[in-house]
Amino acid sequence: GDGARLLQIHEQYVAEHPDVRFEAHTLAWGPPFYTKLAMSAAGGRAPEVATLHLSRLKGFSPATMLDPIPVDLLNEAGIRESDFLPETWNRCVVDGKLYAVPLDLHPFVLYYNTEICQKAGLLGTDGRIKPVQGVNAFVEMLAAVKDTTGKYGASIETTNPWRMWWTLYGQLEGEFFDEDGTELVLDDAKALEALELMAKLAADGLVPRSANYPALVAQFTSGDVGLSFNGEWEVTTYQTAKMPFSMAPFPVVYDVPKFAGDAHTFVLPHQSNRSQDDTKATVEYIAWMLKHSAAWAAGGHIPSYQPVVQSQEYLSLEPQAEYRGVAPDVLFDPNAWFSGSGAQLQEEAGAAFSGVFSGQATPKAALAQFKAATQTLLDTPSPV
């Protein structure tokens, strides 16, 4: 749903700016996009502006493949540092220079079928799902839904459950790298606690043993499950399906509210001869997109630009505004060149942790495999 919605917003931008020669190019998400963007930046012949997941910023080697964003031009366009959450803005700054402007935050959330959850006794008098906290309450919630559906409690992408594990591990306040980012300091006990809970959910039949991403979506749409754990970007899919659903923050299963997530940002890929006039127009485009990000938020993402977060246009969105309070607690992927959305670290987590759900690997074996793969990546120099 993201791509189609962005095209609609761009159509509005073009209509309002007939004096700007604007050409948008859409590429397949993941490796094809990032590979092509990196090649264009390395050659100094990149587009004026691109989108980049904030978790991929370090891997894009700011100062070599990205140009800093002129803060003075951003201020002239009406965008200031104070318009963003400090946690998000500070991650966009490298060596004192701004290299990204955040458009949104997209956390791991809870989708729930309102009809199924009503039958399971999980809704309050306001029609919203009642918050649960702690492992026992979390498991009981899934069990109540399973009893209602006769199949499963929740759908999850078991073939790559990185977001689930990273959320649980983050709620246990587990660390990943040392302060320098050069040493793996994973807490085995906390990592295993999260994996053992995931194994229990599958063993008890509360979630499927094997489900890829399309299956995760289909199981929720079909009513095989009453809950679904995923990023918030599928809201358009479920609205289009005209199914009875709403959304809420993912439960605080452990100690602290932390939710795996990321942010889409605007960056200036490196150009050998960047034009001042084009750069000024580009920064004005970024500012326009931020000021119109309520339309983007309709697709599920939480706006990063706080004036929009506080606007009635955004607050009236249902259910997109239901989980906005988790924004300060979004947990970005570990900061490394091989980490971030669609990067190698997530792939290694999928290869190791999927066996925990299928029953083909014990949590201890899965953790050992993941740690070994992560150490290999850590010992490998960044290619850029």
# chains A, B, ... in the order shown; residues from 1 in each chain; ligands from 1
>>> residues_around(residues="Glu157 of chain A", least_positions_apart="6", cutoff="12 Å", atoms="only C-alpha atoms", output="PyMOL selection string")
chain A and resi 163-165+198+202+207-220+228-231+350+353-354+357-358
>>> write_last_selection(atoms="C-alpha atoms", output="compact mmCIF listing (two decimals), in the first residue's frame")
# COMPACT_ATOMS: atom_id res chain seq x y z
CA ARG A 163 10.73 -8.03 14.50
CA MET A 164 9.05 -10.29 17.05
CA TRP A 165 12.33 -11.36 18.64
CA MET A 198 8.31 -17.82 20.70
CA ALA A 202 4.18 -22.43 18.29
CA VAL A 207 0.63 -19.31 16.20
CA PRO A 208 1.38 -21.34 13.05
CA ARG A 209 4.62 -23.28 12.91
CA SER A 210 5.35 -22.01 9.43
CA ALA A 211 4.04 -18.86 7.75
CA ASN A 212 5.77 -16.53 5.31
CA TYR A 213 4.76 -12.89 4.91
CA PRO A 214 1.85 -13.42 2.46
CA ALA A 215 0.51 -16.18 4.74
CA LEU A 216 0.72 -13.88 7.76
CA VAL A 217 -1.52 -11.39 5.97
CA ALA A 218 -3.89 -14.01 4.53
CA GLN A 219 -4.45 -15.74 7.87
CA PHE A 220 -5.64 -12.50 9.42
CA SER A 228 -1.74 -10.39 13.95
CA PHE A 229 1.74 -9.12 14.83
CA ASN A 230 3.29 -7.02 12.08
CA GLY A 231 4.37 -3.58 11.01
CA GLY A 350 15.30 -15.48 9.82
CA PHE A 353 15.02 -18.28 14.35
CA SER A 354 12.51 -19.80 11.91
CA PHE A 357 8.79 -21.99 15.36
CA SER A 358 8.94 -25.05 13.11
>>> residues_around(residues="segment 322-336 of chain A", least_positions_apart="5", cutoff="7 Å", atoms="only C-alpha atoms", output="PDB file with all heavy atoms, in the first residue's frame")
ATOM      1  N   SER A  55      17.481   2.961   9.631  1.00  0.00           N
ATOM      2  CA  SER A  55      18.351   1.896  10.129  1.00  0.00           C
ATOM      3  C   SER A  55      19.459   1.546   9.143  1.00  0.00           C
ATOM      4  O   SER A  55      20.434   0.882   9.502  1.00  0.00           O
ATOM      5  CB  SER A  55      17.526   0.642  10.443  1.00  0.00           C
ATOM      6  OG  SER A  55      16.911   0.149   9.262  1.00  0.00           O
ATOM      7  N   LYS A  58      23.867   4.030   8.518  1.00  0.00           N
ATOM      8  CA  LYS A  58      25.280   3.719   8.736  1.00  0.00           C
ATOM      9  C   LYS A  58      25.841   2.893   7.588  1.00  0.00           C
ATOM     10  O   LYS A  58      26.979   3.101   7.155  1.00  0.00           O
ATOM     11  CB  LYS A  58      25.471   2.987  10.063  1.00  0.00           C
ATOM     12  CG  LYS A  58      26.931   2.714  10.390  1.00  0.00           C
ATOM     13  CD  LYS A  58      27.121   2.205  11.795  1.00  0.00           C
ATOM     14  CE  LYS A  58      28.607   2.045  12.125  1.00  0.00           C
ATOM     15  NZ  LYS A  58      28.830   1.617  13.526  1.00  0.00           N
ATOM     16  N   GLY A  59      25.063   1.967   7.073  1.00  0.00           N
ATOM     17  CA  GLY A  59      25.516   1.132   5.975  1.00  0.00           C
ATOM     18  C   GLY A  59      25.722   1.906   4.690  1.00  0.00           C
ATOM     19  O   GLY A  59      26.404   1.433   3.778  1.00  0.00           O
ATOM     20  N   GLU A  87      14.874  11.522  19.778  1.00  0.00           N
ATOM     21  CA  GLU A  87      15.432  10.194  19.520  1.00  0.00           C
ATOM     22  C   GLU A  87      15.575   9.927  18.019  1.00  0.00           C
ATOM     23  O   GLU A  87      16.523   9.280  17.574  1.00  0.00           O
ATOM     24  CB  GLU A  87      14.544   9.103  20.138  1.00  0.00           C
ATOM     25  CG  GLU A  87      14.370   9.205  21.649  1.00  0.00           C
ATOM     26  CD  GLU A  87      13.155  10.034  22.035  1.00  0.00           C
ATOM     27  OE1 GLU A  87      12.680  10.844  21.197  1.00  0.00           O
ATOM     28  OE2 GLU A  87      12.682   9.890  23.174  1.00  0.00           O
ATOM     29  N   LEU A 105       7.634   7.101  11.408  1.00  0.00           N
ATOM     30  CA  LEU A 105       8.108   5.980  12.226  1.00  0.00           C
ATOM     31  C   LEU A 105       7.149   4.832  11.952  1.00  0.00           C
ATOM     32  O   LEU A 105       5.941   5.041  11.856  1.00  0.00           O
ATOM     33  CB  LEU A 105       8.097   6.339  13.721  1.00  0.00           C
ATOM     34  CG  LEU A 105       9.179   7.333  14.167  1.00  0.00           C
ATOM     35  CD1 LEU A 105       8.785   7.961  15.492  1.00  0.00           C
ATOM     36  CD2 LEU A 105      10.525   6.638  14.292  1.00  0.00           C
ATOM     37  N   PRO A 107       6.338   1.251  13.612  1.00  0.00           N
ATOM     38  CA  PRO A 107       6.588   0.248  14.639  1.00  0.00           C
ATOM     39  C   PRO A 107       5.853  -1.072  14.409  1.00  0.00           C
ATOM     40  O   PRO A 107       4.896  -1.160  13.629  1.00  0.00           O
ATOM     41  CB  PRO A 107       6.044   0.934  15.896  1.00  0.00           C
ATOM     42  CG  PRO A 107       4.887   1.735  15.383  1.00  0.00           C
ATOM     43  CD  PRO A 107       5.327   2.230  14.022  1.00  0.00           C
ATOM     44  N   PHE A 176      22.991  -5.317  22.395  1.00  0.00           N
ATOM     45  CA  PHE A 176      23.423  -6.051  21.211  1.00  0.00           C
ATOM     46  C   PHE A 176      24.905  -5.814  20.917  1.00  0.00           C
ATOM     47  O   PHE A 176      25.694  -6.732  20.882  1.00  0.00           O
ATOM     48  CB  PHE A 176      22.576  -5.652  20.001  1.00  0.00           C
ATOM     49  CG  PHE A 176      22.578  -6.675  18.902  1.00  0.00           C
ATOM     50  CD1 PHE A 176      21.639  -7.700  18.900  1.00  0.00           C
ATOM     51  CD2 PHE A 176      23.517  -6.637  17.885  1.00  0.00           C
ATOM     52  CE1 PHE A 176      21.641  -8.671  17.907  1.00  0.00           C
ATOM     53  CE2 PHE A 176      23.523  -7.597  16.874  1.00  0.00           C
ATOM     54  CZ  PHE A 176      22.584  -8.621  16.886  1.00  0.00           C
ATOM     55  N   MET A 247      -6.422  -1.564  15.534  1.00  0.00           N
ATOM     56  CA  MET A 247      -5.001  -1.698  15.820  1.00  0.00           C
ATOM     57  C   MET A 247      -4.678  -1.113  17.183  1.00  0.00           C
ATOM     58  O   MET A 247      -5.390  -0.246  17.684  1.00  0.00           O
ATOM     59  CB  MET A 247      -4.179  -1.012  14.732  1.00  0.00           C
ATOM     60  CG  MET A 247      -4.417  -1.571  13.341  1.00  0.00           C
ATOM     61  SD  MET A 247      -3.831  -0.488  12.015  1.00  0.00           S
ATOM     62  CE  MET A 247      -2.055  -0.664  12.188  1.00  0.00           C
ATOM     63  N   ALA A 248      -3.586  -1.597  17.764  1.00  0.00           N
ATOM     64  CA  ALA A 248      -3.159  -1.146  19.087  1.00  0.00           C
ATOM     65  C   ALA A 248      -1.653  -1.371  19.205  1.00  0.00           C
ATOM     66  O   ALA A 248      -1.061  -2.105  18.406  1.00  0.00           O
ATOM     67  CB  ALA A 248      -3.896  -1.924  20.177  1.00  0.00           C
ATOM     68  N   PRO A 249      -1.026  -0.768  20.193  1.00  0.00           N
ATOM     69  CA  PRO A 249       0.387  -1.074  20.412  1.00  0.00           C
ATOM     70  C   PRO A 249       0.577  -2.562  20.705  1.00  0.00           C
ATOM     71  O   PRO A 249      -0.294  -3.201  21.304  1.00  0.00           O
ATOM     72  CB  PRO A 249       0.748  -0.230  21.637  1.00  0.00           C
ATOM     73  CG  PRO A 249      -0.234   0.888  21.633  1.00  0.00           C
ATOM     74  CD  PRO A 249      -1.504   0.288  21.113  1.00  0.00           C
ATOM     75  N   PRO A 257       8.395  -0.774  27.658  1.00  0.00           N
ATOM     76  CA  PRO A 257       7.754  -0.639  26.339  1.00  0.00           C
ATOM     77  C   PRO A 257       8.786  -0.348  25.255  1.00  0.00           C
ATOM     78  O   PRO A 257       9.317   0.760  25.161  1.00  0.00           O
ATOM     79  CB  PRO A 257       6.787   0.538  26.542  1.00  0.00           C
ATOM     80  CG  PRO A 257       7.398   1.343  27.639  1.00  0.00           C
ATOM     81  CD  PRO A 257       8.099   0.370  28.535  1.00  0.00           C
ATOM     82  N   LYS A 258       9.095  -1.334  24.453  1.00  0.00           N
ATOM     83  CA  LYS A 258       9.968  -1.187  23.295  1.00  0.00           C
ATOM     84  C   LYS A 258       9.337  -1.942  22.142  1.00  0.00           C
ATOM     85  O   LYS A 258       8.790  -3.036  22.332  1.00  0.00           O
ATOM     86  CB  LYS A 258      11.379  -1.733  23.572  1.00  0.00           C
ATOM     87  CG  LYS A 258      12.202  -0.887  24.521  1.00  0.00           C
ATOM     88  CD  LYS A 258      12.559   0.456  23.902  1.00  0.00           C
ATOM     89  CE  LYS A 258      13.355   1.331  24.850  1.00  0.00           C
ATOM     90  NZ  LYS A 258      13.641   2.663  24.257  1.00  0.00           N
ATOM     91  N   PHE A 259       9.407  -1.359  20.941  1.00  0.00           N
ATOM     92  CA  PHE A 259       8.722  -1.943  19.793  1.00  0.00           C
ATOM     93  C   PHE A 259       9.625  -1.836  18.568  1.00  0.00           C
ATOM     94  O   PHE A 259      10.000  -0.731  18.166  1.00  0.00           O
ATOM     95  CB  PHE A 259       7.400  -1.214  19.548  1.00  0.00           C
ATOM     96  CG  PHE A 259       6.591  -1.026  20.805  1.00  0.00           C
ATOM     97  CD1 PHE A 259       6.705   0.142  21.556  1.00  0.00           C
ATOM     98  CD2 PHE A 259       5.747  -2.025  21.266  1.00  0.00           C
ATOM     99  CE1 PHE A 259       5.981   0.315  22.728  1.00  0.00           C
ATOM    100  CE2 PHE A 259       5.027  -1.867  22.442  1.00  0.00           C
ATOM    101  CZ  PHE A 259       5.148  -0.698  23.174  1.00  0.00           C
ATOM    102  N   ALA A 260       9.999  -2.972  17.984  1.00  0.00           N
ATOM    103  CA  ALA A 260      10.848  -2.962  16.805  1.00  0.00           C
ATOM    104  C   ALA A 260      10.250  -2.041  15.747  1.00  0.00           C
ATOM    105  O   ALA A 260       9.034  -2.030  15.537  1.00  0.00           O
ATOM    106  CB  ALA A 260      10.989  -4.378  16.250  1.00  0.00           C
ATOM    107  N   GLY A 261      11.096  -1.282  15.103  1.00  0.00           N
ATOM    108  CA  GLY A 261      10.575  -0.369  14.092  1.00  0.00           C
ATOM    109  C   GLY A 261      11.680   0.344  13.348  1.00  0.00           C
ATOM    110  O   GLY A 261      12.869   0.100  13.554  1.00  0.00           O
ATOM    111  N   ASP A 262      11.269   1.246  12.496  1.00  0.00           N
ATOM    112  CA  ASP A 262      12.216   1.964  11.653  1.00  0.00           C
ATOM    113  C   ASP A 262      11.577   3.290  11.254  1.00  0.00           C
ATOM    114  O   ASP A 262      10.471   3.621  11.713  1.00  0.00           O
ATOM    115  CB  ASP A 262      12.562   1.125  10.420  1.00  0.00           C
ATOM    116  CG  ASP A 262      13.971   1.384   9.902  1.00  0.00           C
ATOM    117  OD1 ASP A 262      14.466   2.511  10.066  1.00  0.00           O
ATOM    118  OD2 ASP A 262      14.571   0.454   9.333  1.00  0.00           O
ATOM    119  N   ILE A 302       3.388   6.406  11.472  1.00  0.00           N
ATOM    120  CA  ILE A 302       3.254   7.538  12.391  1.00  0.00           C
ATOM    121  C   ILE A 302       4.102   8.682  11.853  1.00  0.00           C
ATOM    122  O   ILE A 302       5.301   8.505  11.616  1.00  0.00           O
ATOM    123  CB  ILE A 302       3.749   7.165  13.805  1.00  0.00           C
ATOM    124  CG1 ILE A 302       2.995   5.952  14.343  1.00  0.00           C
ATOM    125  CG2 ILE A 302       3.591   8.359  14.751  1.00  0.00           C
ATOM    126  CD1 ILE A 302       3.562   5.414  15.647  1.00  0.00           C
TER     127      ILE A 302
END
>>> residues_around(residues="Leu315 of chain A", least_positions_apart="3", cutoff="12 Å", atoms="only C-alpha atoms", output="PyMOL selection string")
chain A and resi 294+297-298+302-303+306-312+318-325
>>> atom_distance(atom1="atom CA of His17 of chain A", atom2="atom CA of Asp278 of chain A")
14.1 Å
>>> select_by_dssp(residues="segment 38-165 of chain A", states="strand (DSSP E)", output="tab-separated table (two decimals) with N, CA, C and O atoms, in the first residue's frame")
chain	number	residue	atom	x	y	z
A	50	ALA	N	16.33	10.74	-2.39
A	50	ALA	CA	15.90	9.35	-2.32
A	50	ALA	C	15.34	9.07	-0.94
A	50	ALA	O	15.57	9.82	0.01
A	51	THR	N	14.59	7.99	-0.83
A	51	THR	CA	14.14	7.54	0.48
A	51	THR	C	15.11	6.48	0.98
A	51	THR	O	15.68	5.71	0.20
A	52	LEU	N	15.31	6.46	2.28
A	52	LEU	CA	16.24	5.51	2.90
A	52	LEU	C	15.71	5.17	4.29
A	52	LEU	O	15.30	6.06	5.03
A	53	HIS	N	15.69	3.87	4.62
A	53	HIS	CA	15.36	3.52	6.00
A	53	HIS	C	16.44	4.06	6.92
A	53	HIS	O	17.63	3.94	6.64
A	66	LEU	N	26.45	9.84	0.65
A	66	LEU	CA	25.37	10.79	0.88
A	66	LEU	C	25.96	12.18	1.04
A	66	LEU	O	27.07	12.34	1.55
A	67	ASP	N	25.21	13.19	0.64
A	67	ASP	CA	25.61	14.57	0.87
A	67	ASP	C	24.83	15.10	2.08
A	67	ASP	O	23.64	14.75	2.25
A	93	VAL	N	21.79	12.47	12.52
A	93	VAL	CA	22.98	13.30	12.56
A	93	VAL	C	24.21	12.42	12.71
A	93	VAL	O	24.28	11.57	13.59
A	94	VAL	N	25.19	12.62	11.83
A	94	VAL	CA	26.44	11.86	11.86
A	94	VAL	C	27.60	12.86	11.84
A	94	VAL	O	27.67	13.71	10.95
A	97	LYS	N	26.69	16.50	11.34
A	97	LYS	CA	25.99	16.93	10.13
A	97	LYS	C	24.72	16.12	9.94
A	97	LYS	O	24.68	14.93	10.24
A	98	LEU	N	23.69	16.79	9.40
A	98	LEU	CA	22.40	16.13	9.16
A	98	LEU	C	22.45	15.41	7.81
A	98	LEU	O	22.70	16.04	6.77
A	101	VAL	N	16.33	13.28	6.78
A	101	VAL	CA	15.17	13.96	7.38
A	101	VAL	C	14.06	12.92	7.50
A	101	VAL	O	13.61	12.37	6.50
A	102	PRO	N	13.61	12.63	8.73
A	102	PRO	CA	12.63	11.55	8.92
A	102	PRO	C	11.22	11.93	8.49
A	102	PRO	O	10.74	13.01	8.82
A	104	ASP	N	8.62	9.44	8.79
A	104	ASP	CA	7.68	8.69	9.62
A	104	ASP	C	8.41	7.80	10.60
A	104	ASP	O	9.64	7.74	10.62
A	105	LEU	N	7.63	7.10	11.41
A	105	LEU	CA	8.11	5.98	12.23
A	105	LEU	C	7.15	4.83	11.95
A	105	LEU	O	5.94	5.04	11.86
A	106	HIS	N	7.69	3.62	11.79
A	106	HIS	CA	6.78	2.49	11.57
A	106	HIS	C	7.11	1.34	12.52
A	106	HIS	O	8.03	0.57	12.29
A	107	PRO	N	6.34	1.25	13.61
A	107	PRO	CA	6.59	0.25	14.64
A	107	PRO	C	5.85	-1.07	14.41
A	107	PRO	O	4.90	-1.16	13.63
A	108	PHE	N	6.31	-2.08	15.10
A	108	PHE	CA	5.67	-3.38	15.21
A	108	PHE	C	4.43	-3.18	16.08
A	108	PHE	O	4.51	-2.62	17.18
A	109	VAL	N	3.25	-3.59	15.59
A	109	VAL	CA	2.00	-3.32	16.29
A	109	VAL	C	1.13	-4.57	16.37
A	109	VAL	O	1.48	-5.63	15.85
A	110	LEU	N	0.01	-4.41	17.02
A	110	LEU	CA	-0.99	-5.48	17.15
A	110	LEU	C	-2.21	-5.12	16.31
A	110	LEU	O	-2.81	-4.05	16.50
A	111	TYR	N	-2.56	-5.98	15.37
A	111	TYR	CA	-3.83	-5.88	14.66
A	111	TYR	C	-4.80	-6.83	15.35
A	111	TYR	O	-4.40	-7.93	15.78
A	112	TYR	N	-6.07	-6.45	15.43
A	112	TYR	CA	-7.04	-7.39	16.01
A	112	TYR	C	-8.38	-7.31	15.29
A	112	TYR	O	-8.85	-6.24	14.91
A	113	ASN	N	-8.95	-8.50	15.06
A	113	ASN	CA	-10.28	-8.62	14.47
A	113	ASN	C	-11.29	-8.32	15.57
A	113	ASN	O	-11.36	-9.04	16.57
A	154	ALA	N	-2.87	-16.00	16.81
A	154	ALA	CA	-2.30	-14.87	16.09
A	154	ALA	C	-1.50	-15.34	14.88
A	154	ALA	O	-1.02	-16.47	14.84
A	155	SER	N	-1.37	-14.46	13.90
A	155	SER	CA	-0.49	-14.74	12.77
A	155	SER	C	0.80	-13.95	12.94
A	155	SER	O	0.81	-12.84	13.47
>>> atom_distance(atom1="atom CA of Gly153 of chain A", atom2="atom CA of His301 of chain A")
25.0 Å
>>> closest_residue(among="A:Val139, A:Ala144, A:Leu6, A:Leu103", to="Leu123 of chain A", atoms="only C-alpha atoms")
A:Ala144
>>> atom_distance(atom1="atom CA of Asp188 of chain A", atom2="atom CA of Trp162 of chain A")
16.1 Å
>>> residues_around(residues="Val185 of chain A", least_positions_apart="2", cutoff="7 Å", atoms="only C-alpha atoms", output="NGL selection string")
:A and (175-178 or 183 or 187)
>>> decode(residues="segment 46-79 of chain A", atoms="N, CA and C atoms", output="short mmCIF file (atom, residue, chain, number, x, y, z; two decimals), in the first residue's frame")
data_model
loop_
_atom_site.label_atom_id
_atom_site.label_comp_id
_atom_site.auth_asym_id
_atom_site.auth_seq_id
_atom_site.Cartn_x
_atom_site.Cartn_y
_atom_site.Cartn_z
N ALA A 46 23.83 10.45 -8.90
CA ALA A 46 22.62 10.01 -8.21
C ALA A 46 21.46 10.97 -8.44
N PRO A 47 20.25 10.53 -8.11
CA PRO A 47 19.10 11.44 -8.16
C PRO A 47 19.23 12.53 -7.10
N GLU A 48 18.40 13.56 -7.22
CA GLU A 48 18.47 14.67 -6.25
C GLU A 48 18.12 14.20 -4.83
N VAL A 49 17.14 13.32 -4.73
CA VAL A 49 16.65 12.90 -3.41
C VAL A 49 16.22 11.44 -3.49
N ALA A 50 16.33 10.74 -2.39
CA ALA A 50 15.90 9.35 -2.32
C ALA A 50 15.34 9.07 -0.94
N THR A 51 14.59 7.99 -0.83
CA THR A 51 14.14 7.54 0.48
C THR A 51 15.11 6.48 0.98
N LEU A 52 15.31 6.46 2.28
CA LEU A 52 16.24 5.51 2.90
C LEU A 52 15.71 5.17 4.29
N HIS A 53 15.69 3.87 4.62
CA HIS A 53 15.36 3.52 6.00
C HIS A 53 16.44 4.06 6.92
N LEU A 54 16.02 4.64 8.03
CA LEU A 54 16.99 5.24 8.95
C LEU A 54 17.96 4.19 9.49
N SER A 55 17.48 2.96 9.63
CA SER A 55 18.35 1.90 10.13
C SER A 55 19.46 1.55 9.14
N ARG A 56 19.32 1.99 7.88
CA ARG A 56 20.34 1.71 6.86
C ARG A 56 21.34 2.86 6.69
N LEU A 57 21.18 3.90 7.50
CA LEU A 57 22.01 5.09 7.32
C LEU A 57 23.50 4.78 7.48
N LYS A 58 23.87 4.03 8.52
CA LYS A 58 25.28 3.72 8.74
C LYS A 58 25.84 2.89 7.59
N GLY A 59 25.06 1.97 7.07
CA GLY A 59 25.52 1.13 5.97
C GLY A 59 25.72 1.91 4.69
N PHE A 60 25.12 3.10 4.61
CA PHE A 60 25.29 3.91 3.41
C PHE A 60 26.46 4.88 3.53
N SER A 61 27.24 4.73 4.57
CA SER A 61 28.49 5.47 4.72
C SER A 61 28.31 6.96 4.43
N PRO A 62 27.62 7.68 5.33
CA PRO A 62 27.49 9.13 5.15
C PRO A 62 28.87 9.77 4.93
N ALA A 63 28.89 10.80 4.14
CA ALA A 63 30.09 11.55 3.76
C ALA A 63 30.74 10.98 2.52
N THR A 64 30.44 9.73 2.15
CA THR A 64 30.97 9.20 0.90
C THR A 64 29.85 8.92 -0.10
N MET A 65 28.71 8.40 0.38
CA MET A 65 27.62 8.07 -0.54
C MET A 65 26.40 8.98 -0.35
N LEU A 66 26.45 9.84 0.65
CA LEU A 66 25.37 10.79 0.88
C LEU A 66 25.96 12.18 1.04
N ASP A 67 25.21 13.19 0.64
CA ASP A 67 25.61 14.57 0.87
C ASP A 67 24.83 15.10 2.08
N PRO A 68 25.47 15.93 2.91
CA PRO A 68 24.74 16.48 4.06
C PRO A 68 23.60 17.38 3.61
N ILE A 69 22.57 17.42 4.41
CA ILE A 69 21.39 18.24 4.10
C ILE A 69 21.59 19.63 4.69
N PRO A 70 21.50 20.68 3.88
CA PRO A 70 21.71 22.04 4.39
C PRO A 70 20.60 22.43 5.37
N VAL A 71 20.96 22.52 6.64
CA VAL A 71 19.97 22.82 7.67
C VAL A 71 19.39 24.22 7.48
N ASP A 72 20.21 25.15 6.97
CA ASP A 72 19.70 26.51 6.77
C ASP A 72 18.58 26.53 5.74
N LEU A 73 18.73 25.73 4.67
CA LEU A 73 17.66 25.65 3.67
C LEU A 73 16.42 24.98 4.24
N LEU A 74 16.64 23.99 5.09
CA LEU A 74 15.51 23.30 5.73
C LEU A 74 14.75 24.27 6.62
N ASN A 75 15.50 25.09 7.37
CA ASN A 75 14.85 26.09 8.24
C ASN A 75 14.09 27.11 7.41
N GLU A 76 14.66 27.53 6.28
CA GLU A 76 13.98 28.49 5.40
C GLU A 76 12.66 27.92 4.89
N ALA A 77 12.63 26.59 4.72
CA ALA A 77 11.41 25.93 4.23
C ALA A 77 10.42 25.66 5.36
N GLY A 78 10.76 26.10 6.58
CA GLY A 78 9.83 25.97 7.69
C GLY A 78 9.96 24.70 8.51
N ILE A 79 11.07 23.96 8.34
CA ILE A 79 11.28 22.71 9.08
C ILE A 79 12.45 22.88 10.03
#
